[in-house]
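First comes the structure, then the notes that go with it.
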Amino acid sequence: CSWKGGRNPGELPYGSTVILRIGEFMGVQGTLDYVLKFSKRVLGLNELVAKSTCEVDIGPINPGLLSFQYQEIKTNAFGMSNLPVGFFGLLKGRVTYIDTVWFDGNRWIERNYLENGDVVYSVYVRDLEDETICKTNN
């Protein structure tokens with residue numbers, strides 16, 4: 001599955017979109033590509049791809065909490081794919097969370113808290129076009 005949406009807009013580079021490409025799952029553990037796609041090339045970059053492992057919490061305290069850990073970060077730039085990215089390698093091992101408050105198979109709503117305590121929501125929408133492209137390329 002591919003999900004397109006946004007994190008807190010203040011955290012994303014201008015003109016970029018987040019795409020979550022969910023891979024295979026065994027139980028509650030699986031793989032995920034966290035893709036930062038740019039609408040216009042930024043320093044020659046088309047997208048950054050953080051290949052990750054992930055897990056969904058099914059317990060009573062945080063049901064639906066998706067945690068993912070960056071394993072390898074690559075980029076598509078200047079027409080070439082899967083180039084390793086040195087600077088972003090510093091993020092390897094970083095764990096990120098998506099606090100799911102709604103999921104219906106087409107929309108995925110995440111809750112975040114700003115430093116001042118305000119609650120903000122990010123909405124991801126299933127991206128069937130990206131899913132088709134991924135299936136064709138794999």
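Every chain in the structure tokens takes a letter, A first, then B, and so on in the order presented; its residues are numbered from 1, and the ligands are numbered from 1 following the presented order.
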Show me a table, sorted first by chain and then by increasing residue number, of the residues of region 90-127 of chain A having an atom at most 6 Å from region 45-65 of chain A, each with its shortest atom pair and the distance in Å to one decimal, counting only C-alpha atoms and written as CSV.
```
residue,atom,partner,partner_atom,distance
A:Ile98,CA,A:Leu65,CA,5.9
A:Asp99,CA,A:Leu65,CA,4.8
A:Thr100,CA,A:Gly64,CA,5.4
```
Please dump the current selection as a JSON list (two decimals), in the first residue's frame; keep N, CA, C and O atoms.
```json
[["chain", "number", "residue", "atom", "x", "y", "z"],
["A", 98, "ILE", "N", 3.89, 7.00, 14.28],
["A", 98, "ILE", "CA", 2.64, 7.54, 13.76],
["A", 98, "ILE", "C", 1.55, 7.10, 14.73],
["A", 98, "ILE", "O", 1.26, 5.92, 14.87],
["A", 99, "ASP", "N", 0.99, 8.08, 15.43],
["A", 99, "ASP", "CA", -0.06, 7.84, 16.42],
["A", 99, "ASP", "C", -1.40, 7.83, 15.67],
["A", 99, "ASP", "O", -2.00, 8.87, 15.41],
["A", 100, "THR", "N", -1.85, 6.65, 15.29],
["A", 100, "THR", "CA", -3.06, 6.50, 14.49],
["A", 100, "THR", "C", -4.31, 6.80, 15.32],
["A", 100, "THR", "O", -4.50, 6.22, 16.39]]
```
field: Option closest in space to Pro13 (chain A), from A:Phe38, A:Trp108, A:Phe25, A:Tyr121 [counting only C-alpha atoms]
entry: A:Phe38
